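Report on the structure given below.
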Amino acid sequence: MILDELKNFKVVLASQSPRRRELLKLMGIDFEAVSADLDESFDPSLQAADIPSFLSEKKARFFQNQYDSKTLIIASDTIVWMNNQALNKPLSREEAEQMLRSLSGNTHEVYTAVTVLLGNDVRTQCDCTQVTFQTLSEEEIQYYIDVHHPFDKAGSYGAQDFIGLIGIAKLSGSFYTVMGLPTHMLYQMIKTMIQKTADN
């Protein structure tokens, strides 16, 4: 099984997200979590899947020269995409309120990209899930911001907490992609990379 073969490598998760760390643990992967204070700006000409793909690869490459070739580095990035615009992490309470009001009663896409890096082999893939929200009341929006402080979350919400529990009416795609780590895709990427290493 690929999890047994993976024990021959050091695994590094380049993420500050407790949700990504939790999901990787649930996959049965032993890893070290690291984080870097990176500039997460991107070229405004990038659209939809290109944005998290660019950022996840940037995160992985940041650590490339800090570990040896037997270290498998995993990085990920998520954006909420609505009306041809990326909803990133809110910079203020007002921005969080505005984002949640725009998501209320509408359908948006969540794009999460994953980069897996081992030596000079770098692979990036992106997954997309469509999310439909029920209409949120102003009270619910204010309560959510007061209690959950969603300022570290793309689109100002987490699928696994209050606003996701009461607001998400329909999902088309992987729930884990919305949480920030498309685990089904990551597993296949790791499998392919480890098998290629074994063949060489």
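Residues in the structure tokens are named by chain (A, B, ... in the order shown) and by number from 1 within that chain; ligands are numbered from 1 in the order shown.
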
Next item on the list: Using only C-alpha atoms, determine which residues lie at most 12 Å from Tyr187 in chain A, disregarding the query and same-chain residues fewer than 2 positions distant; provide the list as a PyMOL selection string.
Entry: chain A and resi 1-3+6+23-24+26-29+74+114-116+125+181-185+189-194

Next item on the list: Name all residues at most 8 Å from Phe42 in chain A (count only C-alpha atoms; drop same-chain ones fewer than 6 positions away) and give them as a list in words.
Entry: Ile51, Phe54 and Leu55 of chain A

Export of the given selection (N, CA, C and O atoms) as a short mmCIF file (atom, residue, chain, number, x, y, z; two decimals), in the first residue's frame:
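The file below, out_1.cif, is the result:
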data_model
loop_
_atom_site.label_atom_id
_atom_site.label_comp_id
_atom_site.auth_asym_id
_atom_site.auth_seq_id
_atom_site.Cartn_x
_atom_site.Cartn_y
_atom_site.Cartn_z
N ILE A 51 -5.27 30.72 -10.30
CA ILE A 51 -4.84 31.47 -9.11
C ILE A 51 -4.33 30.53 -8.01
O ILE A 51 -3.17 30.64 -7.58
N PHE A 54 -1.11 28.65 -9.10
CA PHE A 54 0.09 29.48 -9.01
C PHE A 54 0.57 29.60 -7.57
O PHE A 54 1.75 29.44 -7.26
N LEU A 55 -0.38 29.86 -6.64
CA LEU A 55 -0.01 30.09 -5.25
C LEU A 55 0.45 28.81 -4.54
O LEU A 55 1.39 28.85 -3.74
#

Between range 67-87 of chain A and range 156-179 of chain A, at 12 Å or less, what are the per-residue closest atom pairs and their distances in Å? Count only C-alpha atoms, order by chain and rising residue number, and return it as CSV.
residue,atom,partner,partner_atom,distance
A:Ser76,CA,A:Thr177,CA,10.3
A:Asp77,CA,A:Thr177,CA,10.1
A:Thr78,CA,A:Val178,CA,7.9
A:Ile79,CA,A:Val178,CA,9.1
A:Val80,CA,A:Val178,CA,8.8
A:Trp81,CA,A:Val178,CA,11.6
A:Ala86,CA,A:Ser156,CA,11.7
A:Leu87,CA,A:Ser156,CA,8.1

Margin query: I'd like the contact shell of Asp152 in chain A - 9 Å cut-off, only C-alpha atoms, skipping same-chain residues fewer than 5 positions apart - returned as a ChimeraX atom specification.
Written below: /A:17,89-90,157

Write the selection just made, keeping all heavy atoms, as a PDB file, in the first residue's frame?
ATOM      1  N   SER A  17      -2.894  26.050   7.868  1.00  0.00           N
ATOM      2  CA  SER A  17      -4.307  25.726   8.064  1.00  0.00           C
ATOM      3  C   SER A  17      -4.504  24.507   8.970  1.00  0.00           C
ATOM      4  O   SER A  17      -4.055  23.405   8.638  1.00  0.00           O
ATOM      5  CB  SER A  17      -4.958  25.445   6.706  1.00  0.00           C
ATOM      6  OG  SER A  17      -6.198  24.806   6.879  1.00  0.00           O
ATOM      7  N   LYS A  89      -9.188  36.094   1.388  1.00  0.00           N
ATOM      8  CA  LYS A  89      -9.406  36.301   2.818  1.00  0.00           C
ATOM      9  C   LYS A  89      -9.802  37.759   3.052  1.00  0.00           C
ATOM     10  O   LYS A  89      -9.159  38.666   2.515  1.00  0.00           O
ATOM     11  CB  LYS A  89      -8.129  35.966   3.582  1.00  0.00           C
ATOM     12  CG  LYS A  89      -7.718  34.502   3.451  1.00  0.00           C
ATOM     13  CD  LYS A  89      -6.333  34.258   4.029  1.00  0.00           C
ATOM     14  CE  LYS A  89      -5.894  32.824   3.772  1.00  0.00           C
ATOM     15  NZ  LYS A  89      -4.491  32.597   4.184  1.00  0.00           N
ATOM     16  N   PRO A  90     -10.841  37.992   3.841  1.00  0.00           N
ATOM     17  CA  PRO A  90     -11.289  39.375   4.057  1.00  0.00           C
ATOM     18  C   PRO A  90     -10.274  40.180   4.872  1.00  0.00           C
ATOM     19  O   PRO A  90      -9.671  39.661   5.811  1.00  0.00           O
ATOM     20  CB  PRO A  90     -12.600  39.205   4.833  1.00  0.00           C
ATOM     21  CG  PRO A  90     -12.437  37.897   5.538  1.00  0.00           C
ATOM     22  CD  PRO A  90     -11.636  37.021   4.619  1.00  0.00           C
ATOM     23  N   TYR A 157     -15.642  32.212   4.847  1.00  0.00           N
ATOM     24  CA  TYR A 157     -16.396  31.142   5.507  1.00  0.00           C
ATOM     25  C   TYR A 157     -15.640  29.822   5.474  1.00  0.00           C
ATOM     26  O   TYR A 157     -14.786  29.586   4.627  1.00  0.00           O
ATOM     27  CB  TYR A 157     -17.777  30.963   4.867  1.00  0.00           C
ATOM     28  CG  TYR A 157     -17.813  30.128   3.600  1.00  0.00           C
ATOM     29  CD1 TYR A 157     -18.061  28.753   3.656  1.00  0.00           C
ATOM     30  CD2 TYR A 157     -17.628  30.703   2.346  1.00  0.00           C
ATOM     31  CE1 TYR A 157     -18.111  27.984   2.503  1.00  0.00           C
ATOM     32  CE2 TYR A 157     -17.683  29.944   1.194  1.00  0.00           C
ATOM     33  CZ  TYR A 157     -17.920  28.581   1.272  1.00  0.00           C
ATOM     34  OH  TYR A 157     -17.962  27.817   0.130  1.00  0.00           O
TER      35      TYR A 157
END

Notebook entry, point to check: So how far away is CA of Ser53 in chain A from CA of Val12 in chain A, in Å?
Noted result: 18.3 Å

Next item on the list: Mind checking which residues fall within 12 Å of range 93-101 of chain A, counting only C-alpha atoms, ignoring those fewer than 5 positions away in the same chain, and posting them as a VMD selection string?
Entry: chain A and resid 80 to 83 85 to 88 106 to 108 133 to 146 148 to 158 163 to 164 167

Next item on the list: Can you check which residues of chain A DSSP gives as alpha helix (DSSP H) on the backbone and send them as an MDAnalysis selection string?
Entry: chainID A and resid 2:6 18:26 50:62 93:103 138:148 162:167 175:179 183:199

Those residues with C-alpha atoms, as a CSV table (one decimal), in the first residue's frame please?
chain,number,residue,atom,x,y,z
A,2,ILE,CA,1.2,3.5,-0.8
A,3,LEU,CA,1.0,4.6,2.8
A,4,ASP,CA,3.7,2.0,3.7
A,5,GLU,CA,5.9,3.2,0.9
A,6,LEU,CA,5.5,6.8,1.9
A,18,PRO,CA,-5.5,23.5,10.9
A,19,ARG,CA,-8.1,22.1,8.6
A,20,ARG,CA,-5.5,20.9,6.1
A,21,ARG,CA,-3.4,19.4,8.9
A,22,GLU,CA,-6.4,17.6,10.3
A,23,LEU,CA,-7.3,16.1,6.9
A,24,LEU,CA,-3.8,14.9,6.2
A,25,LYS,CA,-3.8,13.2,9.6
A,26,LEU,CA,-7.1,11.5,8.8
A,50,ASP,CA,-4.9,29.4,-12.3
A,51,ILE,CA,-4.8,31.5,-9.1
A,52,PRO,CA,-4.6,28.7,-6.5
A,53,SER,CA,-2.4,26.6,-8.8
A,54,PHE,CA,0.1,29.5,-9.0
A,55,LEU,CA,0.0,30.1,-5.3
A,56,SER,CA,0.2,26.4,-4.2
A,57,GLU,CA,3.3,25.9,-6.4
A,58,LYS,CA,4.8,29.1,-5.0
A,59,LYS,CA,4.4,27.8,-1.5
A,60,ALA,CA,5.9,24.4,-2.3
A,61,ARG,CA,8.9,25.8,-4.2
A,62,PHE,CA,9.6,28.1,-1.2
A,93,ARG,CA,-15.2,43.0,9.1
A,94,GLU,CA,-16.9,45.1,6.5
A,95,GLU,CA,-15.4,43.0,3.7
A,96,ALA,CA,-16.4,39.8,5.4
A,97,GLU,CA,-20.0,41.0,5.7
A,98,GLN,CA,-20.0,42.0,2.1
A,99,MET,CA,-18.7,38.6,0.9
A,100,LEU,CA,-21.2,36.7,3.0
A,101,ARG,CA,-24.1,38.8,1.7
A,102,SER,CA,-22.9,38.2,-1.9
A,103,LEU,CA,-22.7,34.4,-1.3
A,138,GLU,CA,-28.2,39.6,8.7
A,139,GLU,CA,-28.4,38.2,12.2
A,140,GLU,CA,-26.7,34.9,11.1
A,141,ILE,CA,-24.0,36.8,9.2
A,142,GLN,CA,-23.2,39.0,12.3
A,143,TYR,CA,-23.3,36.1,14.7
A,144,TYR,CA,-20.9,34.1,12.5
A,145,ILE,CA,-18.4,36.9,12.2
A,146,ASP,CA,-18.6,37.6,16.0
A,147,VAL,CA,-18.1,34.0,17.0
A,148,HIS,CA,-16.0,32.4,14.3
A,162,PHE,CA,-21.5,27.4,11.6
A,163,ILE,CA,-22.1,29.2,8.3
A,164,GLY,CA,-21.4,26.0,6.4
A,165,LEU,CA,-23.6,23.9,8.6
A,166,ILE,CA,-26.6,26.2,8.2
A,167,GLY,CA,-25.9,27.8,4.9
A,175,PHE,CA,-16.6,18.6,0.4
A,176,TYR,CA,-12.9,18.3,1.2
A,177,THR,CA,-12.0,20.6,-1.7
A,178,VAL,CA,-14.2,23.2,0.0
A,179,MET,CA,-12.4,22.5,3.3
A,183,THR,CA,-7.8,14.5,-0.5
A,184,HIS,CA,-8.9,12.2,-3.2
A,185,MET,CA,-6.8,14.1,-5.7
A,186,LEU,CA,-3.8,14.4,-3.4
A,187,TYR,CA,-3.8,10.7,-2.7
A,188,GLN,CA,-3.6,9.9,-6.4
A,189,MET,CA,-0.9,12.5,-7.0
A,190,ILE,CA,1.3,11.0,-4.2
A,191,LYS,CA,0.7,7.5,-5.4
A,192,THR,CA,1.8,8.4,-9.0
A,193,MET,CA,4.9,10.3,-7.7
A,194,ILE,CA,6.0,7.5,-5.3
A,195,GLN,CA,5.5,4.8,-8.0
A,196,LYS,CA,7.5,6.8,-10.5
A,197,THR,CA,10.3,7.1,-7.9
A,198,ALA,CA,10.2,3.3,-7.3
A,199,ASP,CA,10.4,2.7,-11.1

Next item on the list: For each of A:Ser92, A:Thr112, A:Asn84, A:Asn120, take the minimum atom-to-atom distance to Pro44 in chain A, counting only C-alpha atoms, then give the residue where this is smallest.
Entry: A:Asn84

Check: Could you write out, as an NGL selection string, all the residues of chain A that DSSP marks as strand (DSSP E)?
Finding: :A and (10-14 or 32-34 or 71-82 or 85-87 or 107-118 or 121-133 or 168-172)

I need the residues from that last selection saved to file as a short mmCIF file (atom, residue, chain, number, x, y, z; two decimals), in the first residue's frame (with N, CA and C atoms), if you can.
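Final output, saved to again-v7.cif:
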data_model
loop_
_atom_site.label_atom_id
_atom_site.label_comp_id
_atom_site.auth_asym_id
_atom_site.auth_seq_id
_atom_site.Cartn_x
_atom_site.Cartn_y
_atom_site.Cartn_z
N LYS A 10 10.33 11.64 4.04
CA LYS A 10 9.87 12.66 4.99
C LYS A 10 8.77 13.44 4.28
N VAL A 11 7.67 13.69 4.94
CA VAL A 11 6.56 14.45 4.34
C VAL A 11 6.42 15.78 5.07
N VAL A 12 6.39 16.85 4.28
CA VAL A 12 6.25 18.20 4.84
C VAL A 12 4.98 18.84 4.26
N LEU A 13 4.12 19.32 5.13
CA LEU A 13 2.92 20.05 4.70
C LEU A 13 3.20 21.54 4.89
N ALA A 14 3.24 22.26 3.77
CA ALA A 14 3.51 23.70 3.82
C ALA A 14 2.18 24.44 3.99
N GLU A 32 5.38 16.63 8.87
CA GLU A 32 5.79 17.81 9.63
C GLU A 32 5.11 19.00 8.99
N ALA A 33 4.51 19.85 9.80
CA ALA A 33 3.83 21.04 9.28
C ALA A 33 4.75 22.26 9.41
N VAL A 34 4.89 23.00 8.33
CA VAL A 34 5.70 24.21 8.33
C VAL A 34 4.87 25.33 7.69
N THR A 71 12.46 14.25 0.52
CA THR A 71 11.37 14.92 1.24
C THR A 71 10.25 15.26 0.27
N LEU A 72 9.05 14.81 0.58
CA LEU A 72 7.88 15.10 -0.23
C LEU A 72 7.16 16.29 0.38
N ILE A 73 7.08 17.36 -0.39
CA ILE A 73 6.47 18.60 0.09
C ILE A 73 5.07 18.74 -0.49
N ILE A 74 4.10 19.02 0.35
CA ILE A 74 2.71 19.22 -0.07
C ILE A 74 2.31 20.66 0.25
N ALA A 75 1.77 21.35 -0.74
CA ALA A 75 1.25 22.70 -0.51
C ALA A 75 -0.11 22.81 -1.18
N SER A 76 -0.92 23.73 -0.67
CA SER A 76 -2.28 23.85 -1.20
C SER A 76 -2.74 25.30 -1.08
N ASP A 77 -3.69 25.67 -1.95
CA ASP A 77 -4.27 27.00 -1.87
C ASP A 77 -5.72 26.93 -2.35
N THR A 78 -6.57 27.75 -1.72
CA THR A 78 -8.00 27.73 -2.03
C THR A 78 -8.50 29.14 -2.32
N ILE A 79 -9.36 29.25 -3.33
CA ILE A 79 -10.07 30.51 -3.55
C ILE A 79 -11.56 30.23 -3.73
N VAL A 80 -12.35 31.22 -3.37
CA VAL A 80 -13.78 31.21 -3.68
C VAL A 80 -13.95 32.10 -4.92
N TRP A 81 -14.66 31.59 -5.91
CA TRP A 81 -14.79 32.27 -7.20
C TRP A 81 -16.27 32.54 -7.47
N MET A 82 -16.59 33.82 -7.65
CA MET A 82 -17.99 34.18 -7.90
C MET A 82 -18.04 35.40 -8.80
N GLN A 85 -14.78 36.63 -10.24
CA GLN A 85 -13.92 37.35 -9.30
C GLN A 85 -13.54 36.44 -8.14
N ALA A 86 -12.28 36.55 -7.70
CA ALA A 86 -11.81 35.76 -6.56
C ALA A 86 -12.16 36.47 -5.26
N LEU A 87 -12.80 35.72 -4.35
CA LEU A 87 -13.05 36.22 -3.01
C LEU A 87 -11.97 35.63 -2.11
N THR A 107 -24.95 30.64 -5.95
CA THR A 107 -24.02 29.53 -6.19
C THR A 107 -22.66 30.10 -6.57
N HIS A 108 -21.61 29.51 -5.98
CA HIS A 108 -20.25 29.93 -6.31
C HIS A 108 -19.37 28.69 -6.49
N GLU A 109 -18.16 28.89 -6.92
CA GLU A 109 -17.22 27.79 -7.07
C GLU A 109 -16.09 27.93 -6.04
N VAL A 110 -15.62 26.81 -5.55
CA VAL A 110 -14.42 26.79 -4.71
C VAL A 110 -13.35 26.00 -5.46
N TYR A 111 -12.24 26.65 -5.70
CA TYR A 111 -11.10 26.01 -6.37
C TYR A 111 -9.99 25.78 -5.34
N THR A 112 -9.56 24.53 -5.22
CA THR A 112 -8.41 24.22 -4.37
C THR A 112 -7.37 23.50 -5.20
N ALA A 113 -6.17 24.06 -5.21
CA ALA A 113 -5.05 23.46 -5.94
C ALA A 113 -4.10 22.80 -4.94
N VAL A 114 -3.46 21.73 -5.38
CA VAL A 114 -2.46 21.03 -4.58
C VAL A 114 -1.19 20.89 -5.41
N THR A 115 -0.07 21.17 -4.78
CA THR A 115 1.23 20.92 -5.39
C THR A 115 1.97 19.88 -4.56
N VAL A 116 2.49 18.88 -5.25
CA VAL A 116 3.33 17.86 -4.61
C VAL A 116 4.71 17.95 -5.23
N LEU A 117 5.72 18.09 -4.38
CA LEU A 117 7.09 18.29 -4.86
C LEU A 117 8.00 17.24 -4.22
N LEU A 118 8.75 16.56 -5.05
CA LEU A 118 9.72 15.56 -4.57
C LEU A 118 10.97 15.69 -5.44
N ASP A 121 10.83 16.84 -9.20
CA ASP A 121 9.51 16.50 -9.75
C ASP A 121 8.46 17.35 -9.04
N VAL A 122 7.80 18.22 -9.79
CA VAL A 122 6.78 19.11 -9.22
C VAL A 122 5.49 18.93 -10.00
N ARG A 123 4.40 18.63 -9.29
CA ARG A 123 3.10 18.44 -9.95
C ARG A 123 2.04 19.28 -9.25
N THR A 124 1.24 19.95 -10.04
CA THR A 124 0.15 20.76 -9.49
C THR A 124 -1.14 20.41 -10.20
N GLN A 125 -2.19 20.18 -9.41
CA GLN A 125 -3.52 19.93 -9.96
C GLN A 125 -4.53 20.77 -9.17
N CYS A 126 -5.66 21.05 -9.81
CA CYS A 126 -6.69 21.86 -9.15
C CYS A 126 -8.05 21.17 -9.27
N ASP A 127 -8.82 21.24 -8.20
CA ASP A 127 -10.15 20.66 -8.17
C ASP A 127 -11.17 21.76 -7.91
N CYS A 128 -12.37 21.58 -8.44
CA CYS A 128 -13.42 22.59 -8.30
C CYS A 128 -14.71 21.96 -7.76
N THR A 129 -15.32 22.63 -6.80
CA THR A 129 -16.62 22.22 -6.26
C THR A 129 -17.59 23.39 -6.33
N GLN A 130 -18.78 23.13 -6.82
CA GLN A 130 -19.84 24.16 -6.83
C GLN A 130 -20.60 24.12 -5.51
N VAL A 131 -20.81 25.29 -4.93
CA VAL A 131 -21.49 25.39 -3.64
C VAL A 131 -22.68 26.34 -3.76
N THR A 132 -23.84 25.88 -3.33
CA THR A 132 -25.04 26.72 -3.32
C THR A 132 -25.42 27.02 -1.88
N PHE A 133 -25.56 28.31 -1.58
CA PHE A 133 -25.92 28.76 -0.24
C PHE A 133 -27.41 29.07 -0.16
N ILE A 168 -24.92 25.92 3.65
CA ILE A 168 -24.68 25.16 2.42
C ILE A 168 -25.88 24.25 2.15
N ALA A 169 -26.58 24.55 1.07
CA ALA A 169 -27.77 23.77 0.70
C ALA A 169 -27.42 22.66 -0.27
N LYS A 170 -26.38 22.88 -1.09
CA LYS A 170 -26.06 21.92 -2.14
C LYS A 170 -24.58 22.00 -2.49
N LEU A 171 -23.99 20.82 -2.71
CA LEU A 171 -22.59 20.72 -3.15
C LEU A 171 -22.52 19.87 -4.39
N SER A 172 -21.75 20.30 -5.36
CA SER A 172 -21.47 19.47 -6.52
C SER A 172 -19.96 19.34 -6.64
#
